[in-house]
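Undergrad: Input input23.pdb, format and content: PDB, C-alpha atoms and all ligand atoms.
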```pdb
MODEL        1
ATOM      1  CA  MET A 112      37.351 -41.660  23.357
ATOM      2  CA  SER A 113      34.759 -44.066  24.586
ATOM      3  CA  LEU A 114      35.316 -47.366  26.249
ATOM      4  CA  LYS A 115      33.804 -50.597  24.911
ATOM      5  CA  LEU A 116      32.828 -52.395  28.069
ATOM      6  CA  PRO A 117      32.265 -56.151  28.151
ATOM      7  CA  ILE A 118      28.558 -57.091  28.193
ATOM      8  CA  VAL A 119      26.964 -59.708  30.402
ATOM      9  CA  ASP A 120      23.726 -60.808  28.736
ATOM     10  CA  LEU A 121      21.527 -62.068  31.556
ATOM     11  CA  SER A 122      19.010 -63.568  29.109
ATOM     12  CA  LYS A 123      21.572 -66.436  28.975
ATOM     13  CA  VAL A 124      21.704 -66.892  32.732
ATOM     14  CA  HIS A 125      20.068 -70.331  32.620
ATOM     15  CA  THR A 126      21.662 -71.598  29.424
ATOM     16  CA  ASP A 127      25.210 -70.309  29.358
ATOM     17  CA  ARG A 128      26.421 -69.710  32.889
ATOM     18  CA  GLU A 129      30.025 -70.639  32.205
ATOM     19  CA  SER A 130      30.501 -68.081  29.456
ATOM     20  CA  LEU A 131      28.800 -65.285  31.449
ATOM     21  CA  ALA A 132      31.029 -66.207  34.395
ATOM     22  CA  LYS A 133      34.106 -65.860  32.216
ATOM     23  CA  VAL A 134      33.025 -62.444  30.883
ATOM     24  CA  ILE A 135      32.526 -61.164  34.441
ATOM     25  CA  VAL A 136      35.797 -62.411  35.888
ATOM     26  CA  ASP A 137      37.785 -61.237  32.827
ATOM     27  CA  ALA A 138      36.196 -57.778  33.108
ATOM     28  CA  LEU A 139      36.862 -57.533  36.845
ATOM     29  CA  GLU A 140      40.478 -58.637  36.394
ATOM     30  CA  ASN A 141      41.015 -55.943  33.763
ATOM     31  CA  THR A 142      39.062 -52.647  33.470
ATOM     32  CA  GLY A 143      36.812 -53.475  36.416
ATOM     33  CA  PHE A 144      33.673 -52.195  34.661
ATOM     34  CA  LEU A 145      31.041 -53.973  32.582
ATOM     35  CA  PHE A 146      27.480 -53.685  31.290
ATOM     36  CA  ILE A 147      24.630 -55.967  32.335
ATOM     37  CA  ASP A 148      21.900 -56.407  29.717
ATOM     38  CA  ASN A 149      18.460 -58.017  29.803
ATOM     39  CA  ILE A 150      17.648 -58.018  33.487
ATOM     40  CA  GLU A 151      14.234 -59.595  33.551
ATOM     41  CA  GLY A 152      11.610 -57.445  35.229
ATOM     42  CA  LEU A 153      13.816 -54.385  35.812
ATOM     43  CA  ASP A 154      11.846 -51.308  34.742
ATOM     44  CA  PHE A 155      14.299 -48.506  33.891
ATOM     45  CA  GLU A 156      11.491 -46.122  32.889
ATOM     46  CA  LEU A 157       9.841 -46.462  36.279
ATOM     47  CA  TRP A 158      13.220 -46.060  38.000
ATOM     48  CA  PHE A 159      13.813 -42.817  36.089
ATOM     49  CA  LYS A 160      10.300 -41.588  36.964
ATOM     50  CA  CYS A 161      11.166 -42.131  40.632
ATOM     51  CA  CYS A 162      14.193 -39.832  40.216
ATOM     52  CA  GLU A 163      12.136 -37.157  38.482
ATOM     53  CA  TRP A 164       9.351 -37.388  41.049
ATOM     54  CA  PHE A 165      11.671 -37.085  44.016
ATOM     55  CA  PHE A 166      13.840 -34.226  42.793
ATOM     56  CA  LYS A 167      10.895 -32.056  41.873
ATOM     57  CA  GLN A 168       9.483 -32.265  45.401
ATOM     58  CA  PRO A 169       9.353 -28.907  47.207
ATOM     59  CA  GLU A 170      12.446 -27.881  49.198
ATOM     60  CA  GLU A 171      10.334 -28.188  52.379
ATOM     61  CA  THR A 172       9.751 -31.879  51.715
ATOM     62  CA  LYS A 173      13.427 -32.556  51.069
ATOM     63  CA  LYS A 174      14.438 -30.562  54.144
ATOM     64  CA  LYS A 175      12.473 -32.939  56.351
ATOM     65  CA  LEU A 176      14.616 -35.773  55.008
ATOM     66  CA  LEU A 177      18.012 -34.076  55.365
ATOM     67  CA  ARG A 178      20.592 -35.943  57.392
ATOM     68  CA  ASN A 179      21.149 -34.586  60.868
ATOM     69  CA  PHE A 180      24.480 -33.123  59.683
ATOM     70  CA  TRP A 181      22.523 -30.630  57.551
ATOM     71  CA  ASN A 182      19.340 -30.343  59.572
ATOM     72  CA  PRO A 183      19.799 -30.796  63.359
ATOM     73  CA  ASP A 184      16.004 -31.180  63.723
ATOM     74  CA  ASN A 185      16.244 -34.573  62.046
ATOM     75  CA  LYS A 186      17.360 -37.809  63.702
ATOM     76  CA  ASN A 187      18.637 -39.656  60.639
ATOM     77  CA  VAL A 188      22.433 -39.533  60.486
ATOM     78  CA  TYR A 189      23.104 -41.917  57.574
ATOM     79  CA  ARG A 190      20.049 -42.333  55.344
ATOM     80  CA  GLY A 191      17.866 -39.668  53.769
ATOM     81  CA  TYR A 192      18.512 -36.593  51.674
ATOM     82  CA  PHE A 193      21.770 -34.725  51.017
ATOM     83  CA  PRO A 194      21.827 -31.324  49.310
ATOM     84  CA  VAL A 195      24.017 -29.715  46.669
ATOM     85  CA  LYS A 196      26.970 -28.187  48.487
ATOM     86  CA  PRO A 197      28.115 -24.791  47.201
ATOM     87  CA  ASN A 198      31.618 -24.681  45.738
ATOM     88  CA  GLU A 199      32.141 -28.426  46.077
ATOM     89  CA  PRO A 200      33.474 -30.404  43.095
ATOM     90  CA  SER A 201      30.928 -33.090  43.961
ATOM     91  CA  ARG A 202      27.870 -31.297  42.627
ATOM     92  CA  LYS A 203      24.789 -33.347  43.364
ATOM     93  CA  GLU A 204      21.774 -33.814  45.579
ATOM     94  CA  GLY A 205      20.708 -37.306  46.492
ATOM     95  CA  PHE A 206      18.299 -39.503  48.389
ATOM     96  CA  GLU A 207      19.382 -42.755  50.001
ATOM     97  CA  PHE A 208      17.505 -45.561  51.679
ATOM     98  CA  ALA A 209      17.988 -49.125  52.843
ATOM     99  CA  ARG A 210      15.906 -52.123  53.852
ATOM    100  CA  ASP A 211      14.590 -51.533  57.361
ATOM    101  CA  VAL A 212      15.462 -54.075  60.039
ATOM    102  CA  PRO A 213      13.042 -54.964  62.854
ATOM    103  CA  ARG A 214      13.547 -52.517  65.759
ATOM    104  CA  ASN A 215      13.600 -55.364  68.288
ATOM    105  CA  ASP A 216      16.378 -57.331  66.524
ATOM    106  CA  PRO A 217      18.630 -58.293  69.476
ATOM    107  CA  THR A 218      21.715 -58.483  67.240
ATOM    108  CA  VAL A 219      21.556 -54.774  66.335
ATOM    109  CA  LYS A 220      22.925 -52.297  68.869
ATOM    110  CA  PRO A 221      20.496 -49.379  69.292
ATOM    111  CA  ASN A 222      23.256 -46.905  68.358
ATOM    112  CA  ASN A 223      24.187 -48.743  65.148
ATOM    113  CA  TRP A 224      23.132 -46.093  62.653
ATOM    114  CA  PHE A 225      23.978 -48.356  59.694
ATOM    115  CA  TYR A 226      20.606 -49.862  60.551
ATOM    116  CA  GLU A 227      18.616 -46.709  61.276
ATOM    117  CA  ASP A 228      15.172 -46.673  59.661
ATOM    118  CA  SER A 229      15.007 -45.045  56.254
ATOM    119  CA  VAL A 230      13.084 -41.794  56.006
ATOM    120  CA  TRP A 231      10.589 -41.196  53.186
ATOM    121  CA  PRO A 232       8.877 -38.214  51.588
ATOM    122  CA  GLU A 233       5.153 -37.796  52.074
ATOM    123  CA  GLU A 234       3.049 -38.971  49.145
ATOM    124  CA  ASP A 235      -0.299 -37.642  47.934
ATOM    125  CA  GLY A 236      -1.420 -40.938  46.411
ATOM    126  CA  SER A 237      -0.651 -40.029  42.791
ATOM    127  CA  PHE A 238       2.718 -41.827  42.584
ATOM    128  CA  PRO A 239       3.816 -44.696  44.864
ATOM    129  CA  PHE A 240       7.454 -43.570  45.212
ATOM    130  CA  ARG A 241       8.276 -45.631  48.286
ATOM    131  CA  ALA A 242       6.670 -48.839  47.019
ATOM    132  CA  ASN A 243       8.364 -48.457  43.624
ATOM    133  CA  MET A 244      11.782 -47.825  45.118
ATOM    134  CA  ARG A 245      11.457 -50.752  47.509
ATOM    135  CA  ALA A 246      10.464 -53.095  44.670
ATOM    136  CA  LEU A 247      13.403 -51.860  42.587
ATOM    137  CA  TYR A 248      15.693 -52.472  45.578
ATOM    138  CA  GLU A 249      14.649 -56.132  45.752
ATOM    139  CA  LYS A 250      15.133 -56.619  42.003
ATOM    140  CA  LEU A 251      18.642 -55.127  42.182
ATOM    141  CA  HIS A 252      19.504 -57.178  45.280
ATOM    142  CA  GLU A 253      18.503 -60.335  43.406
ATOM    143  CA  THR A 254      20.490 -59.230  40.325
ATOM    144  CA  ALA A 255      23.608 -58.530  42.382
ATOM    145  CA  LEU A 256      23.413 -61.975  44.003
ATOM    146  CA  GLU A 257      23.083 -63.608  40.580
ATOM    147  CA  ILE A 258      26.133 -61.699  39.352
ATOM    148  CA  LEU A 259      28.073 -62.897  42.400
ATOM    149  CA  ARG A 260      27.020 -66.507  41.764
ATOM    150  CA  LEU A 261      28.390 -66.157  38.236
ATOM    151  CA  THR A 262      31.548 -64.501  39.582
ATOM    152  CA  ALA A 263      32.066 -67.454  41.935
ATOM    153  CA  ILE A 264      31.684 -69.881  39.015
ATOM    154  CA  GLY A 265      34.259 -67.850  37.079
ATOM    155  CA  LEU A 266      36.637 -68.010  40.049
ATOM    156  CA  GLY A 267      36.156 -71.790  40.254
ATOM    157  CA  ILE A 268      34.653 -71.728  43.741
ATOM    158  CA  GLU A 269      31.320 -72.751  45.188
ATOM    159  CA  GLU A 270      28.524 -70.850  43.411
ATOM    160  CA  ASP A 271      26.741 -69.587  46.511
ATOM    161  CA  ILE A 272      29.838 -68.678  48.495
ATOM    162  CA  PHE A 273      29.167 -64.910  48.511
ATOM    163  CA  THR A 274      25.447 -65.142  49.290
ATOM    164  CA  PRO A 275      25.749 -65.381  53.117
ATOM    165  CA  LEU A 276      27.587 -62.031  53.230
ATOM    166  CA  PHE A 277      24.316 -60.392  52.180
ATOM    167  CA  SER A 278      21.755 -62.676  53.844
ATOM    168  CA  ASP A 279      21.856 -61.135  57.286
ATOM    169  CA  LYS A 280      20.889 -57.454  57.135
ATOM    170  CA  PRO A 281      22.946 -56.119  54.212
ATOM    171  CA  CYS A 282      24.201 -52.541  54.695
ATOM    172  CA  THR A 283      23.315 -51.798  51.070
ATOM    173  CA  THR A 284      22.536 -48.183  50.206
ATOM    174  CA  TYR A 285      20.242 -47.469  47.286
ATOM    175  CA  ARG A 286      20.671 -43.894  46.024
ATOM    176  CA  ILE A 287      19.060 -41.645  43.428
ATOM    177  CA  MET A 288      20.990 -38.554  42.359
ATOM    178  CA  HIS A 289      20.433 -35.305  40.536
ATOM    179  CA  TYR A 290      23.367 -33.289  39.261
ATOM    180  CA  PRO A 291      22.287 -29.733  38.431
ATOM    181  CA  PRO A 292      24.574 -27.961  35.958
ATOM    182  CA  TRP A 293      27.015 -25.426  37.386
ATOM    183  CA  GLU A 294      25.578 -21.956  37.824
ATOM    184  CA  GLY A 295      28.210 -19.437  36.813
ATOM    185  CA  THR A 296      31.876 -20.314  37.054
ATOM    186  CA  PRO A 297      32.710 -23.700  38.589
ATOM    187  CA  PRO A 298      35.173 -23.602  41.500
ATOM    188  CA  ASP A 299      38.850 -24.219  40.738
ATOM    189  CA  ASN A 300      38.805 -27.563  42.524
ATOM    190  CA  ALA A 301      36.292 -28.847  39.932
ATOM    191  CA  ARG A 302      38.613 -28.075  37.026
ATOM    192  CA  ILE A 303      40.699 -30.890  35.627
ATOM    193  CA  GLU A 304      42.859 -31.469  32.555
ATOM    194  CA  ASP A 305      41.813 -30.294  29.077
ATOM    195  CA  ASN A 306      39.530 -27.616  30.555
ATOM    196  CA  LYS A 307      37.056 -30.247  31.661
ATOM    197  CA  VAL A 308      34.932 -29.782  34.775
ATOM    198  CA  VAL A 309      33.926 -32.585  37.153
ATOM    199  CA  ILE A 310      30.649 -33.029  39.002
ATOM    200  CA  THR A 311      31.998 -36.095  40.841
ATOM    201  CA  PRO A 312      35.771 -36.225  41.359
ATOM    202  CA  GLU A 313      37.892 -39.331  40.884
ATOM    203  CA  HIS A 314      37.124 -42.058  43.424
ATOM    204  CA  THR A 315      36.755 -45.778  43.920
ATOM    205  CA  ASP A 316      33.547 -47.092  45.472
ATOM    206  CA  THR A 317      33.977 -48.387  49.022
ATOM    207  CA  ASN A 318      31.208 -50.990  49.060
ATOM    208  CA  PHE A 319      31.265 -54.524  47.570
ATOM    209  CA  LEU A 320      29.609 -54.168  44.156
ATOM    210  CA  THR A 321      27.795 -51.267  42.465
ATOM    211  CA  LEU A 322      24.958 -51.480  39.935
ATOM    212  CA  LEU A 323      24.428 -48.115  38.262
ATOM    213  CA  ALA A 324      21.676 -46.778  36.016
ATOM    214  CA  THR A 325      22.918 -43.824  33.955
ATOM    215  CA  PHE A 326      19.585 -43.426  32.101
ATOM    216  CA  ASP A 327      21.540 -42.787  28.889
ATOM    217  CA  TYR A 328      23.336 -39.729  30.251
ATOM    218  CA  LYS A 329      26.930 -39.283  29.268
ATOM    219  CA  GLY A 330      29.539 -38.062  31.713
ATOM    220  CA  LEU A 331      30.862 -41.181  33.455
ATOM    221  CA  GLU A 332      34.575 -41.755  32.855
ATOM    222  CA  VAL A 333      36.738 -44.717  33.877
ATOM    223  CA  LYS A 334      40.480 -44.665  34.543
ATOM    224  CA  MET A 335      42.534 -47.096  32.490
ATOM    225  CA  PRO A 336      45.555 -48.880  33.950
ATOM    226  CA  ASP A 337      47.823 -46.452  32.010
ATOM    227  CA  GLY A 338      46.154 -43.463  33.716
ATOM    228  CA  THR A 339      44.120 -42.270  30.714
ATOM    229  CA  TRP A 340      40.387 -41.636  31.078
ATOM    230  CA  LEU A 341      37.739 -43.132  28.799
ATOM    231  CA  GLU A 342      34.045 -42.303  28.800
ATOM    232  CA  VAL A 343      31.388 -44.953  29.235
ATOM    233  CA  ALA A 344      29.068 -44.572  26.255
ATOM    234  CA  PRO A 345      25.425 -44.779  27.339
ATOM    235  CA  ARG A 346      23.757 -48.123  26.672
ATOM    236  CA  PRO A 347      19.945 -48.111  26.876
ATOM    237  CA  ARG A 348      18.331 -50.390  29.485
ATOM    238  CA  SER A 349      21.675 -51.653  30.667
ATOM    239  CA  LEU A 350      23.286 -51.450  34.087
ATOM    240  CA  VAL A 351      26.882 -50.346  34.535
ATOM    241  CA  MET A 352      28.602 -52.575  37.065
ATOM    242  CA  ASN A 353      31.852 -52.159  38.976
ATOM    243  CA  ILE A 354      33.211 -53.450  42.252
ATOM    244  CA  GLY A 355      34.313 -51.496  45.301
ATOM    245  CA  ASP A 356      37.281 -51.561  47.672
ATOM    246  CA  THR A 357      35.707 -54.162  49.972
ATOM    247  CA  PHE A 358      35.551 -56.916  47.347
ATOM    248  CA  SER A 359      38.837 -55.990  45.686
ATOM    249  CA  ARG A 360      40.690 -56.115  49.018
ATOM    250  CA  MET A 361      39.176 -59.525  49.892
ATOM    251  CA  MET A 362      40.536 -60.747  46.540
ATOM    252  CA  GLY A 363      44.025 -59.304  47.127
ATOM    253  CA  GLY A 364      43.497 -56.858  44.253
ATOM    254  CA  ARG A 365      43.003 -59.648  41.682
ATOM    255  CA  LEU A 366      39.574 -58.134  40.943
ATOM    256  CA  LYS A 367      39.841 -54.383  40.401
ATOM    257  CA  ALA A 368      38.027 -51.536  42.150
ATOM    258  CA  THR A 369      38.595 -49.072  39.324
ATOM    259  CA  ALA A 370      38.694 -45.289  39.742
ATOM    260  CA  HIS A 371      35.975 -43.325  37.964
ATOM    261  CA  ARG A 372      34.590 -39.775  37.883
ATOM    262  CA  VAL A 373      31.760 -37.784  36.346
ATOM    263  CA  ILE A 374      32.270 -34.886  33.927
ATOM    264  CA  ASP A 375      29.900 -31.923  33.707
ATOM    265  CA  ILE A 376      27.739 -32.319  30.610
ATOM    266  CA  GLY A 377      25.979 -28.972  31.012
ATOM    267  CA  VAL A 378      22.466 -30.334  31.600
ATOM    268  CA  ASP A 379      20.558 -31.738  34.569
ATOM    269  CA  ARG A 380      21.802 -35.286  35.002
ATOM    270  CA  TYR A 381      20.068 -38.106  36.907
ATOM    271  CA  THR A 382      21.701 -41.405  37.812
ATOM    272  CA  SER A 383      21.136 -44.080  40.416
ATOM    273  CA  PRO A 384      23.700 -46.390  42.014
ATOM    274  CA  PHE A 385      22.766 -49.458  44.042
ATOM    275  CA  PHE A 386      25.664 -49.863  46.465
ATOM    276  CA  PHE A 387      25.446 -53.579  47.284
ATOM    277  CA  THR A 388      27.047 -53.984  50.685
ATOM    278  CA  PRO A 389      27.617 -56.854  53.175
ATOM    279  CA  GLY A 390      26.023 -57.025  56.611
ATOM    280  CA  TYR A 391      27.713 -55.246  59.509
ATOM    281  CA  GLU A 392      28.887 -58.558  61.029
ATOM    282  CA  SER A 393      29.847 -60.181  57.697
ATOM    283  CA  ASP A 394      33.391 -61.454  57.231
ATOM    284  CA  ILE A 395      35.217 -59.364  54.652
ATOM    285  CA  GLY A 396      38.726 -60.382  55.729
ATOM    286  CA  VAL A 397      41.694 -60.543  53.340
ATOM    287  CA  ASN A 398      42.751 -63.712  51.495
ATOM    288  CA  PHE A 399      39.160 -64.701  50.827
ATOM    289  CA  MET A 400      40.272 -67.254  48.207
ATOM    290  CA  SER A 401      42.134 -69.197  50.913
ATOM    291  CA  LYS A 402      38.880 -69.469  52.843
ATOM    292  CA  ALA A 403      37.089 -70.570  49.669
ATOM    293  CA  THR A 404      39.646 -73.114  48.494
ATOM    294  CA  GLY A 405      41.475 -74.183  51.641
ATOM    295  CA  ASN A 406      44.805 -73.176  50.048
ATOM    296  CA  GLY A 407      46.996 -70.110  50.173
ATOM    297  CA  PRO A 408      47.949 -67.467  52.735
ATOM    298  CA  ASP A 409      45.884 -67.263  55.911
ATOM    299  CA  HIS A 410      42.447 -65.759  55.654
ATOM    300  CA  VAL A 411      41.921 -63.272  58.491
ATOM    301  CA  PHE A 412      38.384 -62.817  59.814
ATOM    302  CA  GLU A 413      37.301 -59.177  59.806
ATOM    303  CA  ARG A 414      33.846 -57.655  60.274
ATOM    304  CA  TYR A 415      32.563 -55.319  57.580
ATOM    305  CA  GLY A 416      31.051 -52.645  59.852
ATOM    306  CA  PRO A 417      34.104 -51.629  61.930
ATOM    307  CA  TRP A 418      36.373 -51.881  58.866
ATOM    308  CA  VAL A 419      34.255 -49.611  56.673
ATOM    309  CA  LEU A 420      33.614 -47.111  59.429
ATOM    310  CA  ASN A 421      37.354 -46.587  59.768
ATOM    311  CA  VAL A 422      37.675 -46.223  55.991
ATOM    312  CA  ILE A 423      34.970 -43.569  55.582
ATOM    313  CA  LYS A 424      35.946 -41.601  58.691
ATOM    314  CA  ASN A 425      39.745 -41.855  58.745
ATOM    315  CA  VAL A 426      40.992 -42.981  55.345
ATOM    316  CA  LYS A 427      38.637 -41.442  52.761
ATOM    317  CA  LYS A 428      37.560 -38.730  55.238
ATOM    318  CA  TYR A 429      34.187 -37.931  53.658
ATOM    319  CA  PHE A 430      33.405 -34.618  55.296
ATOM    320  CA  GLU A 431      29.748 -35.351  55.999
ATOM    321  CA  TYR A 432      30.663 -38.691  57.593
ATOM    322  CA  ARG A 433      33.364 -37.185  59.811
ATOM    323  CA  VAL A 434      30.711 -36.508  62.440
ATOM    324  CA  LEU A 435      29.244 -40.010  62.464
ATOM    325  CA  PRO A 436      29.198 -41.346  66.027
ATOM    326  CA  ASP A 437      31.331 -44.364  66.913
ATOM    327  CA  ILE A 438      29.307 -47.543  67.278
ATOM    328  CA  GLU A 439      31.467 -49.703  69.548
TER     329      GLU A 439
HETATM  330  O1  LIG B   1      26.668 -40.670  38.300
HETATM  331  C1  LIG B   1      27.448 -41.506  37.853
HETATM  332  O2  LIG B   1      27.492 -41.786  36.643
HETATM  333  C2  LIG B   1      28.409 -42.250  38.756
HETATM  334  C3  LIG B   1      28.288 -41.908  40.209
HETATM  335  C4  LIG B   1      29.289 -42.574  41.081
HETATM  336  O3  LIG B   1      30.350 -42.954  40.673
HETATM  337  C5  LIG B   1      28.985 -42.818  42.511
HETATM  338  O4  LIG B   1      27.952 -42.310  43.006
HETATM  339  O5  LIG B   1      29.763 -43.528  43.181
HETATM  340 FE    FE B   2      31.291 -44.312  42.117
ENDMDL
END
```
Will you turn the file into structure tokens for me?

TA:
Amino acid sequence: MSLKLPIVDLSKVHTDRESLAKVIVDALENTGFLFIDNIEGLDFELWFKCCEWFFKQPEETKKKLLRNFWNPDNKNVYRGYFPVKPNEPSRKEGFEFARDVPRNDPTVKPNNWFYEDSVWPEEDGSFPFRANMRALYEKLHETALEILRLTAIGLGIEEDIFTPLFSDKPCTTYRIMHYPPWEGTPPDNARIEDNKVVITPEHTDTNFLTLLATFDYKGLEVKMPDGTWLEVAPRPRSLVMNIGDTFSRMMGGRLKATAHRVIDIGVDRYTSPFFFTPGYESDIGVNFMSKATGNGPDHVFERYGPWVLNVIKNVKKYFEYRVLPDIE
């Protein structure tokens, strides 16, 4: 069964802010997923071409971009390329980058790998991969901020209240992914109910807000409050949006970070999430609404960086992040 997600039509962003705000907050209080239509200037075809271009690069090129965990010759520990791992239920290769910060920024500790420089594949001049991806990043950053302004309106708080979390060096990760179909028999840990096979197991996102292009591929499924799974039917030129643990926790669970997974559809699958993420020093403490309204249980200041590092290393225990060095 497929899920009819609420749709936020951004062509109405100047004329009908209140009703868009209501759609967003209602969606985030319920299923936690929605579609965003009509994002001016966002070129999905170019975005898809970037995926195709990158994943057909020779293995040698990708190897130079591997995180240090997979290629000790490389310095990058957080950004770059990750390969398909044999016998893992998460069956995908991906490339991740961020906005670079100036190397001489005195507020960034030299060992803070959240802010390491992104690494890029060499180009031969026929396709400006890096320039395209960077332009797409800025468009998605702008879109995410607009969505958060609308969310704030829907929550009845000051429209720009979330903006400062992302003004100072956001830790956003922009990723492109390729899921190759299983070769032979999938491992047992990829098998789920009804003989289905996953290529990304059930999870919630950890970051603040995710904007996802599925490029009309099927496969994404969302968990309903009653525990059943519904598929997200592809919607051309639309972004799928959900929020992550960071935002949900700040809101005391009022807005939902909903579990989702990806089912094997038997063909090469390309998708691209933009993991919109606060700055390392940004305050993501609980009881955010008390801070925003001056009422309610005490808001407790908490920095994003140390909080999320503990989550990925010790709570979610992502195996490739287990080795990440401590920062402070
Ligand atoms: O590929 C997809 O459709 C979703 C991927 C996803 O959930 C993720 O990367 O967090
Ligand atoms: Fe996800």

Undergrad: With the PyMOL selection byres (((not hetatm)) within 10 of (chain B and resi 2)) as the selection, what would be picked from this file? Answer as a count of residues only, please.

TA: 24

Undergrad: Go through the shown structure with the PyMOL selection byres (((chain A and resi 388) around 8) and not hetatm) and write out the matching residues as a ChimeraX atom specification.

TA: /A:277,281-284,318-320,386-387,389-390

Undergrad: May I ask which of the residues A:Phe146, A:Phe412, A:Tyr328, A:Trp418 is the closest one to ligand LIG 1 (chain B), counting only C-alpha atoms and all ligand atoms?

TA: A:Tyr328

Undergrad: Can you tell me which residues surround A:Leu139 at a distance of at most 10 Å, considering only C-alpha atoms, apart from same-chain residues fewer than 5 positions away, and format the answer as a list in words?

TA: Pro117, Lys133, Val134, Phe144, Leu145, Thr262, Met352, Asn353, Ile354, Ser359, Gly364, Arg365, Leu366, Lys367, Ala368 and Thr369 of chain A

Undergrad: Could you state which residues are captured by the PyMOL selection byres (((chain A and resi 376) around 12) and not hetatm) in this file, as a ChimeraX atom specification?

TA: /A:290-293,307-311,328-332,342,373-375,377-381

Undergrad: How about saving the chosen residues, C-alpha atoms kept, as a tab-separated table (two decimals), in the coordinates of the input?

TA:
```
chain	number	residue	atom	x	y	z
A	290	TYR	CA	23.37	-33.29	39.26
A	291	PRO	CA	22.29	-29.73	38.43
A	292	PRO	CA	24.57	-27.96	35.96
A	293	TRP	CA	27.02	-25.43	37.39
A	307	LYS	CA	37.06	-30.25	31.66
A	308	VAL	CA	34.93	-29.78	34.78
A	309	VAL	CA	33.93	-32.58	37.15
A	310	ILE	CA	30.65	-33.03	39.00
A	311	THR	CA	32.00	-36.10	40.84
A	328	TYR	CA	23.34	-39.73	30.25
A	329	LYS	CA	26.93	-39.28	29.27
A	330	GLY	CA	29.54	-38.06	31.71
A	331	LEU	CA	30.86	-41.18	33.46
A	332	GLU	CA	34.58	-41.76	32.85
A	342	GLU	CA	34.04	-42.30	28.80
A	373	VAL	CA	31.76	-37.78	36.35
A	374	ILE	CA	32.27	-34.89	33.93
A	375	ASP	CA	29.90	-31.92	33.71
A	377	GLY	CA	25.98	-28.97	31.01
A	378	VAL	CA	22.47	-30.33	31.60
A	379	ASP	CA	20.56	-31.74	34.57
A	380	ARG	CA	21.80	-35.29	35.00
A	381	TYR	CA	20.07	-38.11	36.91
```

Undergrad: Might you pull out every residue within 12 Å of A:Ala246, with only C-alpha atoms counted and same-chain residues fewer than 2 positions away left off, and present them as a ChimeraX atom specification?

TA: /A:152-154,157-158,161,209-210,239-244,248-253,285

Undergrad: How would the residues just picked look written out with C-alpha atoms as an mmCIF file, keeping the file's coordinate frame?

TA:
```
data_model
loop_
_atom_site.group_PDB
_atom_site.id
_atom_site.type_symbol
_atom_site.label_atom_id
_atom_site.label_comp_id
_atom_site.auth_asym_id
_atom_site.auth_seq_id
_atom_site.Cartn_x
_atom_site.Cartn_y
_atom_site.Cartn_z
ATOM 1 C CA GLY A 152 11.610 -57.445 35.229
ATOM 2 C CA LEU A 153 13.816 -54.385 35.812
ATOM 3 C CA ASP A 154 11.846 -51.308 34.742
ATOM 4 C CA LEU A 157 9.841 -46.462 36.279
ATOM 5 C CA TRP A 158 13.220 -46.060 38.000
ATOM 6 C CA CYS A 161 11.166 -42.131 40.632
ATOM 7 C CA ALA A 209 17.988 -49.125 52.843
ATOM 8 C CA ARG A 210 15.906 -52.123 53.852
ATOM 9 C CA PRO A 239 3.816 -44.696 44.864
ATOM 10 C CA PHE A 240 7.454 -43.570 45.212
ATOM 11 C CA ARG A 241 8.276 -45.631 48.286
ATOM 12 C CA ALA A 242 6.670 -48.839 47.019
ATOM 13 C CA ASN A 243 8.364 -48.457 43.624
ATOM 14 C CA MET A 244 11.782 -47.825 45.118
ATOM 15 C CA TYR A 248 15.693 -52.472 45.578
ATOM 16 C CA GLU A 249 14.649 -56.132 45.752
ATOM 17 C CA LYS A 250 15.133 -56.619 42.003
ATOM 18 C CA LEU A 251 18.642 -55.127 42.182
ATOM 19 C CA HIS A 252 19.504 -57.178 45.280
ATOM 20 C CA GLU A 253 18.503 -60.335 43.406
ATOM 21 C CA TYR A 285 20.242 -47.469 47.286
#
```

Undergrad: So, with only C-alpha atoms as the atoms that count, which of A:Ile423, A:Met361, A:Leu121, A:Val230 lies closest to A:Thr172?

TA: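 Nearest to A:Thr172: A:Val230.
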
Undergrad: Measuring atom to atom with only C-alpha atoms and all ligand atoms, identify which of A:Phe225, A:Tyr391, A:Phe385, A:Phe166 is nearest to ligand LIG 1 (chain B).

TA: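 Using only C-alpha atoms and all ligand atoms, ligand LIG 1 (chain B) sits closest to A:Phe385.
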
Undergrad: Find the distance between atom CA of A:Arg245 and atom CA of A:Phe208 and write it in Å to one decimal.

TA: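 Here the two named atoms are 9.0 Å from each other.
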
Undergrad: Go through A:Arg128, A:Arg286, A:Arg260, A:Arg214 one by one, measure the shortest atom-to-atom distance of each to A:Leu247 using all atoms listed in the file, and give the residue with the smallest value.

TA: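 For A:Leu247, the nearest of the candidates is A:Arg286.
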
Undergrad: Pick from A:Ile264, A:Ala344, A:Met400, A:Val119: nearest to ligand LIG 1 (chain B), with only C-alpha atoms and all ligand atoms counted?

TA: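 The shortest atom-to-atom distance to ligand LIG 1 (chain B) comes from A:Ala344.
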